[in-house]
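Peer 1: Following this message is one structure expressed as structure tokens.
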Amino acid sequence: MKNKIKVFRAMNDLTQEDLAQAIGVTRQTILAIEKGKYVPSLDLAFRISRRFRVNIEEVFQYDEAAPTIDID
Amino acid sequence: MKKNAFFLIGGCIALALLAIFWYSVEVHVRFLAEISFIIAIGIIYLLRKKVTDFTEDERIAKISEQAALRTFQVSWVVFCALSIGAVMQILYVPTFTKADFEEFHPREILGPRMMGYFQLGLLCLMIFLYVGFRIYYARKYGDWETDEE
């Protein structure tokens with residue numbers, strides 16, 4: 001799953017800490033999502049996109065080449 | 001309640017538990033240690049719910065969940081393997097084995113002391129496994145990632 005959180009943060013002049021506080025997660029979680037280490041739940045993805053006032057597809061894009069289902 | 005106050009109270013409870021354990025060993029009353037442990041865990045659980053500045057989001061919950069699941073998966077295999085061995089000793093059938101097994105006394109091997117060591121070993125294994133898996137999944141889900149901010 002690719003995302004443009006960093007771009008939207010820059011556009012909205014938000015730090016990771018600001019965004020984390022706004023949606024009720026830790027800064028480390030925002031960092032992990034931005035770096036593709038963690039794929040957020042639908043609920044969290046919607047909260048992030050709502051914060052930027054855009055549709056979820058604009059922030060998150062499904063990456064066909066890298067399936068995110070991981071049983072490890 | 002603030003996070004620091006919670007950790008402070010947790011430390012005091014741990015010290016009190018240590019003293020109670022020591023006393024229960026001295027007077028040889030094991031129920032004292034068992035009941036105090038259960039009460040301490042209950043108090044910590046209730047206090048934990050009152051902490052207001054703890055942020056536990058879905059990523060942290062997932063790390064805990066995955067670590068617990070893997071610990072359980074490994075633990076039950078180890079526990080079953082050891083239990084099968086213990087049951088084989090209890091169900092000792094002389095006709096299946098050689099004659100020198102007449103000297104063999106399975107009850108001595110599986111006495112309360114050995115069972116205590118066995119349980120202690122399993123407990124230590126579970127703790128080490130959980131910590132190990134937690135570190136692994138924390139690293140996997142970006143707990144130690146650094147950024148340019």
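For the structure tokens, the naming scheme is as follows: chains receive sequential letters (A, B, ...) according to their order of presentation, residues are indexed from 1 within each chain, and ligands are indexed from 1 in presentation order.
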Give me, as a Markdown table, the closest atom pair and its distance (Å, one decimal) for every residue of chain B within a cut-off of 9 Å of chain A, counting only C-alpha atoms, rows sorted by chain and rising number.

Peer 2:
| residue | atom | partner | partner_atom | distance |
| --- | --- | --- | --- | --- |
| B:Thr55 | CA | A:Thr26 | CA | 6.4 |
| B:Glu56 | CA | A:Val25 | CA | 7.1 |
| B:Asp57 | CA | A:Val25 | CA | 5.2 |
| B:Glu58 | CA | A:Val25 | CA | 7.9 |
| B:Arg59 | CA | A:Thr29 | CA | 6.5 |
| B:Ile60 | CA | A:Thr29 | CA | 8.3 |
| B:Gln66 | CA | A:Asp72 | CA | 8.4 |
| B:Lys140 | CA | A:Lys37 | CA | 6.8 |
| B:Tyr141 | CA | A:Lys37 | CA | 5.2 |
| B:Gly142 | CA | A:Ala32 | CA | 4.9 |
| B:Asp143 | CA | A:Gln28 | CA | 6.4 |
| B:Trp144 | CA | A:Gln28 | CA | 8.2 |
| B:Glu145 | CA | A:Ala32 | CA | 7.1 |
| B:Thr146 | CA | A:Leu31 | CA | 8.0 |
| B:Asp147 | CA | A:Leu31 | CA | 7.5 |
| B:Glu149 | CA | A:Thr15 | CA | 8.1 |

Peer 1: Tell me, as an MDAnalysis selection string, which residues lie within 10 Å of Lys62 (chain B), counting only C-alpha atoms; anything in the same chain fewer than 6 positions away does not count.

Peer 2: chainID B and resid 68 137:138 141

Peer 1: Write out as a PyMOL selection string the residues lying within 10 Å of Phe60 (chain A), counting only C-alpha atoms and excluding same-chain residues fewer than 5 positions away.

Peer 2: chain A and resi 1-5+39-40+45-46+48-49+55

Peer 1: Output the selection as a PDB file, in the first residue's frame - N, CA, C and O atoms for each residue.

Peer 2:
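Okay, this is what ended up in selection26.pdb:
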ATOM      1  N   MET A   1       0.844  -1.199   0.000  1.00  0.00           N
ATOM      2  CA  MET A   1       0.000   0.000   0.000  1.00  0.00           C
ATOM      3  C   MET A   1       0.880   1.251   0.000  1.00  0.00           C
ATOM      4  O   MET A   1       1.690   1.436   0.896  1.00  0.00           O
ATOM      5  N   LYS A   2       0.694   2.055  -1.042  1.00  0.00           N
ATOM      6  CA  LYS A   2       1.452   3.309  -1.098  1.00  0.00           C
ATOM      7  C   LYS A   2       0.605   4.429  -0.479  1.00  0.00           C
ATOM      8  O   LYS A   2      -0.617   4.337  -0.468  1.00  0.00           O
ATOM      9  N   ASN A   3       1.271   5.444  -0.012  1.00  0.00           N
ATOM     10  CA  ASN A   3       0.490   6.559   0.534  1.00  0.00           C
ATOM     11  C   ASN A   3       1.223   7.889   0.309  1.00  0.00           C
ATOM     12  O   ASN A   3       2.434   7.909   0.080  1.00  0.00           O
ATOM     13  N   LYS A   4       0.434   8.943   0.397  1.00  0.00           N
ATOM     14  CA  LYS A   4       0.989  10.285   0.189  1.00  0.00           C
ATOM     15  C   LYS A   4       0.818  11.147   1.444  1.00  0.00           C
ATOM     16  O   LYS A   4       0.589  12.362   1.345  1.00  0.00           O
ATOM     17  N   ILE A   5       0.909  10.508   2.575  1.00  0.00           N
ATOM     18  CA  ILE A   5       0.697  11.239   3.834  1.00  0.00           C
ATOM     19  C   ILE A   5       1.709  12.371   3.978  1.00  0.00           C
ATOM     20  O   ILE A   5       1.364  13.489   4.370  1.00  0.00           O
ATOM     21  N   VAL A  39       0.583  -1.075   7.541  1.00  0.00           N
ATOM     22  CA  VAL A  39      -0.597  -0.742   6.740  1.00  0.00           C
ATOM     23  C   VAL A  39      -1.745  -0.454   7.701  1.00  0.00           C
ATOM     24  O   VAL A  39      -2.125  -1.321   8.491  1.00  0.00           O
ATOM     25  N   PRO A  40      -2.297   0.764   7.664  1.00  0.00           N
ATOM     26  CA  PRO A  40      -3.348   1.103   8.634  1.00  0.00           C
ATOM     27  C   PRO A  40      -4.657   0.377   8.348  1.00  0.00           C
ATOM     28  O   PRO A  40      -4.893  -0.070   7.221  1.00  0.00           O
ATOM     29  N   ALA A  45      -7.273   4.731   8.166  1.00  0.00           N
ATOM     30  CA  ALA A  45      -7.050   5.333   6.845  1.00  0.00           C
ATOM     31  C   ALA A  45      -8.100   6.412   6.563  1.00  0.00           C
ATOM     32  O   ALA A  45      -7.782   7.495   6.060  1.00  0.00           O
ATOM     33  N   PHE A  46      -9.356   6.120   6.938  1.00  0.00           N
ATOM     34  CA  PHE A  46     -10.423   7.114   6.749  1.00  0.00           C
ATOM     35  C   PHE A  46     -10.193   8.335   7.627  1.00  0.00           C
ATOM     36  O   PHE A  46     -10.393   9.471   7.193  1.00  0.00           O
ATOM     37  N   ILE A  48      -7.361   9.499   8.670  1.00  0.00           N
ATOM     38  CA  ILE A  48      -6.254  10.293   8.105  1.00  0.00           C
ATOM     39  C   ILE A  48      -6.747  11.127   6.920  1.00  0.00           C
ATOM     40  O   ILE A  48      -6.490  12.337   6.838  1.00  0.00           O
ATOM     41  N   SER A  49      -7.495  10.461   6.026  1.00  0.00           N
ATOM     42  CA  SER A  49      -7.953  11.201   4.837  1.00  0.00           C
ATOM     43  C   SER A  49      -8.964  12.283   5.209  1.00  0.00           C
ATOM     44  O   SER A  49      -8.976  13.363   4.619  1.00  0.00           O
ATOM     45  N   ASN A  55     -10.504  12.447  -0.352  1.00  0.00           N
ATOM     46  CA  ASN A  55     -10.972  11.062  -0.397  1.00  0.00           C
ATOM     47  C   ASN A  55      -9.824  10.111  -0.047  1.00  0.00           C
ATOM     48  O   ASN A  55      -8.649  10.429  -0.269  1.00  0.00           O
TER      49      ASN A  55
END

Peer 1: As a JSON list (two decimals) with N, CA, C and O atoms, in the first residue's frame, please: all residues of chain A that backbone DSSP puts in alpha helix (DSSP H).

Peer 2:
[["chain", "number", "residue", "atom", "x", "y", "z"],
["A", 5, "ILE", "N", 0.91, 10.51, 2.58],
["A", 5, "ILE", "CA", 0.70, 11.24, 3.83],
["A", 5, "ILE", "C", 1.71, 12.37, 3.98],
["A", 5, "ILE", "O", 1.36, 13.49, 4.37],
["A", 6, "LYS", "N", 2.93, 12.06, 3.62],
["A", 6, "LYS", "CA", 3.99, 13.07, 3.78],
["A", 6, "LYS", "C", 3.69, 14.31, 2.92],
["A", 6, "LYS", "O", 3.87, 15.45, 3.37],
["A", 7, "VAL", "N", 3.21, 14.06, 1.72],
["A", 7, "VAL", "CA", 2.88, 15.17, 0.81],
["A", 7, "VAL", "C", 1.73, 16.00, 1.39],
["A", 7, "VAL", "O", 1.81, 17.24, 1.45],
["A", 8, "PHE", "N", 0.68, 15.29, 1.84],
["A", 8, "PHE", "CA", -0.47, 16.00, 2.40],
["A", 8, "PHE", "C", -0.12, 16.74, 3.70],
["A", 8, "PHE", "O", -0.66, 17.80, 3.98],
["A", 9, "ARG", "N", 0.79, 16.16, 4.44],
["A", 9, "ARG", "CA", 1.23, 16.84, 5.67],
["A", 9, "ARG", "C", 1.92, 18.15, 5.33],
["A", 9, "ARG", "O", 1.70, 19.19, 5.95],
["A", 10, "ALA", "N", 2.76, 18.07, 4.30],
["A", 10, "ALA", "CA", 3.49, 19.27, 3.88],
["A", 10, "ALA", "C", 2.52, 20.32, 3.36],
["A", 10, "ALA", "O", 2.65, 21.52, 3.67],
["A", 11, "MET", "N", 1.51, 19.87, 2.61],
["A", 11, "MET", "CA", 0.53, 20.80, 2.06],
["A", 11, "MET", "C", -0.29, 21.48, 3.17],
["A", 11, "MET", "O", -0.69, 22.62, 3.06],
["A", 16, "GLN", "N", 4.39, 15.33, 12.03],
["A", 16, "GLN", "CA", 3.89, 13.99, 12.35],
["A", 16, "GLN", "C", 3.17, 14.00, 13.69],
["A", 16, "GLN", "O", 2.15, 13.34, 13.88],
["A", 17, "GLU", "N", 3.72, 14.76, 14.63],
["A", 17, "GLU", "CA", 3.13, 14.84, 15.97],
["A", 17, "GLU", "C", 1.73, 15.46, 15.90],
["A", 17, "GLU", "O", 0.80, 14.97, 16.55],
["A", 18, "ASP", "N", 1.59, 16.53, 15.11],
["A", 18, "ASP", "CA", 0.28, 17.20, 14.97],
["A", 18, "ASP", "C", -0.76, 16.23, 14.41],
["A", 18, "ASP", "O", -1.88, 16.13, 14.93],
["A", 19, "LEU", "N", -0.36, 15.53, 13.34],
["A", 19, "LEU", "CA", -1.29, 14.60, 12.71],
["A", 19, "LEU", "C", -1.64, 13.45, 13.67],
["A", 19, "LEU", "O", -2.81, 13.05, 13.78],
["A", 20, "ALA", "N", -0.62, 12.97, 14.36],
["A", 20, "ALA", "CA", -0.84, 11.86, 15.31],
["A", 20, "ALA", "C", -1.84, 12.27, 16.39],
["A", 20, "ALA", "O", -2.76, 11.51, 16.71],
["A", 21, "GLN", "N", -1.65, 13.47, 16.92],
["A", 21, "GLN", "CA", -2.57, 13.94, 17.97],
["A", 21, "GLN", "C", -3.98, 14.15, 17.43],
["A", 21, "GLN", "O", -4.96, 13.85, 18.10],
["A", 22, "ALA", "N", -4.05, 14.62, 16.20],
["A", 22, "ALA", "CA", -5.37, 14.91, 15.61],
["A", 22, "ALA", "C", -6.19, 13.64, 15.40],
["A", 22, "ALA", "O", -7.42, 13.67, 15.50],
["A", 23, "ILE", "N", -5.51, 12.53, 15.12],
["A", 23, "ILE", "CA", -6.28, 11.29, 14.85],
["A", 23, "ILE", "C", -6.13, 10.26, 15.97],
["A", 23, "ILE", "O", -6.65, 9.14, 15.86],
["A", 27, "ARG", "N", 3.08, 9.19, 17.26],
["A", 27, "ARG", "CA", 3.87, 9.73, 16.14],
["A", 27, "ARG", "C", 4.58, 8.59, 15.41],
["A", 27, "ARG", "O", 4.74, 8.61, 14.19],
["A", 28, "GLN", "N", 4.98, 7.58, 16.17],
["A", 28, "GLN", "CA", 5.69, 6.44, 15.59],
["A", 28, "GLN", "C", 4.80, 5.69, 14.58],
["A", 28, "GLN", "O", 5.29, 5.17, 13.59],
["A", 29, "THR", "N", 3.51, 5.68, 14.85],
["A", 29, "THR", "CA", 2.58, 5.02, 13.94],
["A", 29, "THR", "C", 2.49, 5.78, 12.61],
["A", 29, "THR", "O", 2.49, 5.18, 11.54],
["A", 30, "ILE", "N", 2.43, 7.11, 12.70],
["A", 30, "ILE", "CA", 2.41, 7.92, 11.47],
["A", 30, "ILE", "C", 3.69, 7.67, 10.67],
["A", 30, "ILE", "O", 3.66, 7.48, 9.45],
["A", 31, "LEU", "N", 4.80, 7.66, 11.37],
["A", 31, "LEU", "CA", 6.10, 7.42, 10.72],
["A", 31, "LEU", "C", 6.13, 6.03, 10.05],
["A", 31, "LEU", "O", 6.57, 5.89, 8.91],
["A", 32, "ALA", "N", 5.62, 5.03, 10.77],
["A", 32, "ALA", "CA", 5.61, 3.66, 10.23],
["A", 32, "ALA", "C", 4.72, 3.56, 8.99],
["A", 32, "ALA", "O", 5.06, 2.88, 8.03],
["A", 33, "ILE", "N", 3.58, 4.28, 9.01],
["A", 33, "ILE", "CA", 2.68, 4.27, 7.84],
["A", 33, "ILE", "C", 3.36, 4.97, 6.66],
["A", 33, "ILE", "O", 3.35, 4.48, 5.54],
["A", 34, "GLU", "N", 3.94, 6.12, 6.94],
["A", 34, "GLU", "CA", 4.62, 6.88, 5.87],
["A", 34, "GLU", "C", 5.72, 6.05, 5.22],
["A", 34, "GLU", "O", 5.92, 6.09, 4.01],
["A", 42, "LEU", "N", -8.79, 0.23, 7.87],
["A", 42, "LEU", "CA", -9.67, 1.10, 7.09],
["A", 42, "LEU", "C", -10.11, 2.30, 7.93],
["A", 42, "LEU", "O", -10.14, 3.44, 7.44],
["A", 43, "ASP", "N", -10.41, 2.03, 9.19],
["A", 43, "ASP", "CA", -10.86, 3.09, 10.09],
["A", 43, "ASP", "C", -9.81, 4.20, 10.21],
["A", 43, "ASP", "O", -10.11, 5.38, 10.06],
["A", 44, "LEU", "N", -8.57, 3.78, 10.43],
["A", 44, "LEU", "CA", -7.49, 4.76, 10.58],
["A", 44, "LEU", "C", -7.21, 5.47, 9.26],
["A", 44, "LEU", "O", -6.98, 6.69, 9.23],
["A", 45, "ALA", "N", -7.27, 4.73, 8.17],
["A", 45, "ALA", "CA", -7.05, 5.33, 6.84],
["A", 45, "ALA", "C", -8.10, 6.41, 6.56],
["A", 45, "ALA", "O", -7.78, 7.50, 6.06],
["A", 46, "PHE", "N", -9.36, 6.12, 6.94],
["A", 46, "PHE", "CA", -10.42, 7.11, 6.75],
["A", 46, "PHE", "C", -10.19, 8.33, 7.63],
["A", 46, "PHE", "O", -10.39, 9.47, 7.19],
["A", 47, "ARG", "N", -9.74, 8.09, 8.86],
["A", 47, "ARG", "CA", -9.51, 9.22, 9.77],
["A", 47, "ARG", "C", -8.40, 10.13, 9.23],
["A", 47, "ARG", "O", -8.49, 11.36, 9.31],
["A", 48, "ILE", "N", -7.36, 9.50, 8.67],
["A", 48, "ILE", "CA", -6.25, 10.29, 8.10],
["A", 48, "ILE", "C", -6.75, 11.13, 6.92],
["A", 48, "ILE", "O", -6.49, 12.34, 6.84],
["A", 49, "SER", "N", -7.50, 10.46, 6.03],
["A", 49, "SER", "CA", -7.95, 11.20, 4.84],
["A", 49, "SER", "C", -8.96, 12.28, 5.21],
["A", 49, "SER", "O", -8.98, 13.36, 4.62],
["A", 50, "ARG", "N", -9.81, 12.01, 6.22],
["A", 50, "ARG", "CA", -10.77, 13.04, 6.69],
["A", 50, "ARG", "C", -10.02, 14.25, 7.23],
["A", 50, "ARG", "O", -10.45, 15.39, 7.05],
["A", 51, "ARG", "N", -8.91, 13.99, 7.91],
["A", 51, "ARG", "CA", -8.13, 15.09, 8.48],
["A", 51, "ARG", "C", -7.60, 16.01, 7.36],
["A", 51, "ARG", "O", -7.54, 17.23, 7.52],
["A", 56, "ILE", "N", -10.19, 8.96, 0.44],
["A", 56, "ILE", "CA", -9.19, 7.99, 0.89],
["A", 56, "ILE", "C", -8.26, 7.57, -0.25],
["A", 56, "ILE", "O", -7.06, 7.34, -0.04],
["A", 57, "GLU", "N", -8.82, 7.52, -1.48],
["A", 57, "GLU", "CA", -8.00, 7.08, -2.62],
["A", 57, "GLU", "C", -6.90, 8.08, -2.97],
["A", 57, "GLU", "O", -5.92, 7.72, -3.61],
["A", 58, "GLU", "N", -7.12, 9.31, -2.54],
["A", 58, "GLU", "CA", -6.09, 10.31, -2.84],
["A", 58, "GLU", "C", -4.87, 10.17, -1.92],
["A", 58, "GLU", "O", -3.77, 10.54, -2.28],
["A", 59, "VAL", "N", -5.11, 9.63, -0.75],
["A", 59, "VAL", "CA", -4.01, 9.45, 0.21],
["A", 59, "VAL", "C", -3.38, 8.06, 0.08],
["A", 59, "VAL", "O", -2.16, 7.91, 0.12]]

Peer 1: Point out the residue among B:Met126, B:Ile43, B:Ile38, B:Met114 with the least atom-to-atom distance to Gln73 (chain B), counting only C-alpha atoms.

Peer 2: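 The answer is B:Met126, which sits nearest to Gln73 (chain B).
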
Peer 1: Would you work out the distance separating CA of Thr71 (chain B) from CA of Phe133 (chain B), expressed in Å to one decimal?

Peer 2: 7.3 Å
